[in-house]
Amino acid sequence: MKKEKFSGGLGALLVLAGSAVGLGNIWRFPYMVAENGGGAFILIYILCMLLVSVPVLLSEIALGRHKGNMKFHGLVNLLFVLIPTITLSYYSVIGGWTLRYMVFGNSDFGSFVSSTGHPLACLAIFLGATALIVLLGVRSGLEKFSKIMMPALFLIMCALAVYSCCMGHGSSEGLRFLFRPDFSKVGPETFVKALGQAFFSLSIGMGIMVTFGSYIGKDENLLATAAKTSVADLVFALISACVVIPALFAFGMFFQDPLTGEVMANPEADVVGAGLIFKTLPAVFSQMPMGWLVSVFFFLAVTLAALSSSISLFEVPVAWLTEKFGISRSWACLAVFLFCYAVGALCSLSFGVLGGISFKGMNIFDMLDWTTANVLMPLAGLICVLYAAWGMKKTELRSELSNSGKLRGVDRLFPVLDLLIRYIAPAGVLAVALSGLIG
Ligand code: PHE
């Protein structure tokens, strides 16, 4: 069976960017900027991207293209397949919630997630849509959908950002707060936080980008692809921050303490994670003029962002099943759908009837989330960079990055790239991995 490839540079870029742009950009990045010194955090984030995450992304896609498949040593392979599959299971639960909010608008979040039938139906629809797109194949599925979804997502987010910034009542104050650098909030831990976020946000360290690398044509410029993907992800994160923070300011969810002059989040409001998008923002939208329309578009955007990431997660086990066992794409999609639906259903029910099952105060959903984010992802991240950085000979890496010397500029840059890929990036990943395991 001949392996399907992306049709060209644009297709590859949009699929990679689609994977990168996701819930992480919308529900975590804005809060991290607000909490960690605004413009100062943004600068550190960009530095971490340049020094660590772009080199890791580059080495992953180079490794994927060089090998041409996902066949690693048994245990490594298992990790690379297991992590996206588990992540997909709980990511889809949230994808289902966003669908429901898009169609029905604001609901009582607590009673919705703790019910049984509705969240399970939403999960089935979201995961089913993901499976259908992946079933259509790399070009007619992932690529075609990314070509429609990503521009749509970009336009909607830009419109929402403009609306949010023109809200009055302090929204411009929020915007200024977002970008004003406050270096007093920066410490060594800020770097680890920025790196951790950059990892999750770029979907690196779990083998996804290795899979996608194997779909990239031999004459594409990998450095340009990695750089553009990172810029797209950063731009989306910044636009999301311009949607979220000014709106929160305008409706008093952030305020300036009159005594200390310090800006802080309203302690009663959730300003990060699921609480932000399913509780706080809907409450804010309901007070805005034309709030229902804003809400529809916002949840449409979140759903598109989640879907473009979930298809990339889904593709990995499908690619593995078809390559390793030679089964057809349809059977592989069905198997992955059933497995993820079963795990996802357990996660979904852990907010309701299965709420009794808990470990150290975490329900099933939180346990899976915690284990993948803090143990499996850093571990796989480390294996991934070591593999990518040291598993290929220096000459092979050089020829892969410069397309056998044809890309003169990249070839000349190689000593710098080599230093970043082999030494600086692994050190950065190690810092994230250790802090994840210890913290
Ligand atoms: N990068 C996605 C986000 O920001 C999440 C993701 C991680 C998707 C890993 C795929 C793989 O939400």
# chains A, B, ... in the order shown; residues from 1 in each chain; ligands from 1
call {"tool": "residues_near_ligand", "arguments": {"ligand": "ligand 1", "cutoff": "10 Å", "atoms": "only C-alpha atoms and all ligand atoms", "output": "PyMOL selection string"}}
result
chain A and resi 16-29+83-85+87-88+91+197-209+233+236-237+302+305-314+316+373+377
call {"tool": "select_by_dssp", "arguments": {"residues": "stretch 64-198 of chain A", "states": "helix (DSSP H, G or I)", "output": "VMD selection string"}}
result
chain A and resid 64 to 67 74 to 104 109 to 114 117 to 135 138 to 165 171 to 179 183 to 185 188 to 198
call {"tool": "closest_residue", "arguments": {"among": "A:Gly38, A:Gly8, A:Pro378, A:Gly213", "to": "A:Arg65", "atoms": "only C-alpha atoms"}}
result
A:Gly213
call {"tool": "residues_around", "arguments": {"residues": "stretch 318-329 of chain A", "least_positions_apart": "2", "cutoff": "9 Å", "atoms": "only C-alpha atoms", "output": "short mmCIF file (atom, residue, chain, number, x, y, z; two decimals) with N, CA and C atoms, in the first residue's frame"}}
result
data_model
loop_
_atom_site.label_atom_id
_atom_site.label_comp_id
_atom_site.auth_asym_id
_atom_site.auth_seq_id
_atom_site.Cartn_x
_atom_site.Cartn_y
_atom_site.Cartn_z
N MET A 1 0.85 -1.20 0.00
CA MET A 1 0.00 0.00 0.00
C MET A 1 0.89 1.25 0.00
N ASN A 69 7.79 6.04 8.74
CA ASN A 69 6.71 5.28 9.40
C ASN A 69 6.81 5.48 10.90
N MET A 70 5.93 4.78 11.61
CA MET A 70 5.87 4.96 13.06
C MET A 70 6.40 3.73 13.77
N LYS A 71 7.36 3.02 13.16
CA LYS A 71 7.81 1.78 13.80
C LYS A 71 9.05 2.03 14.65
N ASN A 77 6.87 2.77 21.02
CA ASN A 77 5.73 2.82 20.14
C ASN A 77 4.42 2.84 20.92
N VAL A 81 1.57 5.75 20.92
CA VAL A 81 0.21 5.51 20.44
C VAL A 81 -0.79 5.70 21.59
N VAL A 134 -11.22 11.63 9.68
CA VAL A 134 -10.01 10.81 9.55
C VAL A 134 -10.21 9.68 8.54
N LEU A 135 -11.42 9.13 8.53
CA LEU A 135 -11.74 8.04 7.61
C LEU A 135 -11.53 8.45 6.15
N LEU A 136 -11.81 9.74 5.86
CA LEU A 136 -11.68 10.21 4.49
C LEU A 136 -10.23 10.25 4.00
N GLY A 137 -9.30 10.15 4.94
CA GLY A 137 -7.90 10.07 4.52
C GLY A 137 -7.12 11.34 4.79
N THR A 211 4.34 11.36 13.31
CA THR A 211 3.42 10.78 12.32
C THR A 211 3.21 11.75 11.15
N PHE A 314 -6.52 11.50 16.59
CA PHE A 314 -7.16 10.29 16.07
C PHE A 314 -6.29 9.63 15.00
N GLU A 315 -5.62 10.46 14.21
CA GLU A 315 -4.83 9.94 13.09
C GLU A 315 -3.70 9.01 13.57
N VAL A 316 -3.15 9.30 14.77
CA VAL A 316 -1.97 8.53 15.21
C VAL A 316 -2.28 7.05 15.43
N TRP A 331 -11.58 -0.08 9.21
CA TRP A 331 -11.59 -0.88 10.43
C TRP A 331 -10.81 -0.20 11.53
N ALA A 332 -9.68 0.43 11.15
CA ALA A 332 -8.88 1.11 12.16
C ALA A 332 -9.68 2.25 12.80
N CYS A 333 -10.40 3.00 11.96
CA CYS A 333 -11.19 4.12 12.50
C CYS A 333 -12.27 3.60 13.44
N LEU A 334 -12.90 2.50 13.04
CA LEU A 334 -13.95 1.95 13.90
C LEU A 334 -13.38 1.52 15.24
N ALA A 335 -12.23 0.84 15.18
CA ALA A 335 -11.63 0.35 16.43
C ALA A 335 -11.25 1.51 17.34
N VAL A 336 -10.65 2.55 16.77
CA VAL A 336 -10.23 3.69 17.59
C VAL A 336 -11.47 4.40 18.16
#
call {"tool": "closest_residue", "arguments": {"among": "A:Leu379, A:Val54, A:Met32, A:Met288", "to": "A:Phe80", "atoms": "only C-alpha atoms"}}
result
A:Leu379
call {"tool": "residues_around", "arguments": {"residues": "A:Gly170", "least_positions_apart": "5", "cutoff": "8 Å", "atoms": "only C-alpha atoms", "output": "list in words"}}
result
Pro246, Phe249 and Ala250 of chain A
call {"tool": "closest_residue", "arguments": {"among": "A:Leu248, A:Ala194, A:Ala161, A:Ala345", "to": "A:Cys122", "atoms": "only C-alpha atoms"}}
result
A:Ala345
call {"tool": "atom_distance", "arguments": {"atom1": "atom CA of A:Glu400", "atom2": "atom CA of A:Tyr387"}}
result
14.8 Å
call {"tool": "closest_residue", "arguments": {"among": "A:Leu195, A:Ala389, A:Leu382, A:Leu142", "to": "A:Leu13", "atoms": "only C-alpha atoms"}}
result
A:Leu142
call {"tool": "atom_distance", "arguments": {"atom1": "atom CA of A:Ser89", "atom2": "atom CA of A:Cys340"}}
result
4.8 Å
call {"tool": "atom_distance", "arguments": {"atom1": "atom CA of A:Ala247", "atom2": "atom CA of A:Leu281"}}
result
8.2 Å
call {"tool": "closest_residue", "arguments": {"among": "A:Val76, A:Ile133, A:Ile61, A:Leu300", "to": "A:Ser214", "atoms": "only C-alpha atoms"}}
result
A:Ile61
call {"tool": "residues_around", "arguments": {"residues": "A:Asp270", "least_positions_apart": "2", "cutoff": "12 Å", "atoms": "only C-alpha atoms", "output": "PyMOL selection string"}}
result
chain A and resi 27-28+31+248+253-254+265-268+272-284
call {"tool": "select_by_dssp", "arguments": {"residues": "stretch 221-365 of chain A", "states": "strand (DSSP E)", "output": "list in words"}}
result
Phe254, Phe255, Gln256, Val263, Met264 and Ala265 of chain A
call {"tool": "write_last_selection", "arguments": {"atoms": "N, CA and C atoms", "output": "PDB file, in the first residue's frame"}}
result
ATOM      1  N   PHE A 254     -11.930  40.586  36.350  1.00  0.00           N
ATOM      2  CA  PHE A 254     -10.592  40.986  36.785  1.00  0.00           C
ATOM      3  C   PHE A 254     -10.755  42.413  37.291  1.00  0.00           C
ATOM      4  N   PHE A 255     -10.065  42.791  38.318  1.00  0.00           N
ATOM      5  CA  PHE A 255     -10.175  44.183  38.744  1.00  0.00           C
ATOM      6  C   PHE A 255      -8.893  44.624  39.426  1.00  0.00           C
ATOM      7  N   GLN A 256      -8.796  45.955  39.586  1.00  0.00           N
ATOM      8  CA  GLN A 256      -7.610  46.489  40.219  1.00  0.00           C
ATOM      9  C   GLN A 256      -7.908  46.695  41.699  1.00  0.00           C
ATOM     10  N   VAL A 263      -3.597  44.222  39.907  1.00  0.00           N
ATOM     11  CA  VAL A 263      -4.737  43.670  39.169  1.00  0.00           C
ATOM     12  C   VAL A 263      -4.911  42.214  39.568  1.00  0.00           C
ATOM     13  N   MET A 264      -6.147  41.831  39.931  1.00  0.00           N
ATOM     14  CA  MET A 264      -6.338  40.420  40.266  1.00  0.00           C
ATOM     15  C   MET A 264      -7.658  39.881  39.751  1.00  0.00           C
ATOM     16  N   ALA A 265      -7.714  38.544  39.699  1.00  0.00           N
ATOM     17  CA  ALA A 265      -8.929  37.899  39.221  1.00  0.00           C
ATOM     18  C   ALA A 265      -9.945  37.879  40.357  1.00  0.00           C
TER      19      ALA A 265
END
call {"tool": "closest_residue", "arguments": {"among": "A:Ser286, A:Ser107, A:Thr225, A:Ser146", "to": "A:Pro55", "atoms": "only C-alpha atoms"}}
result
A:Thr225
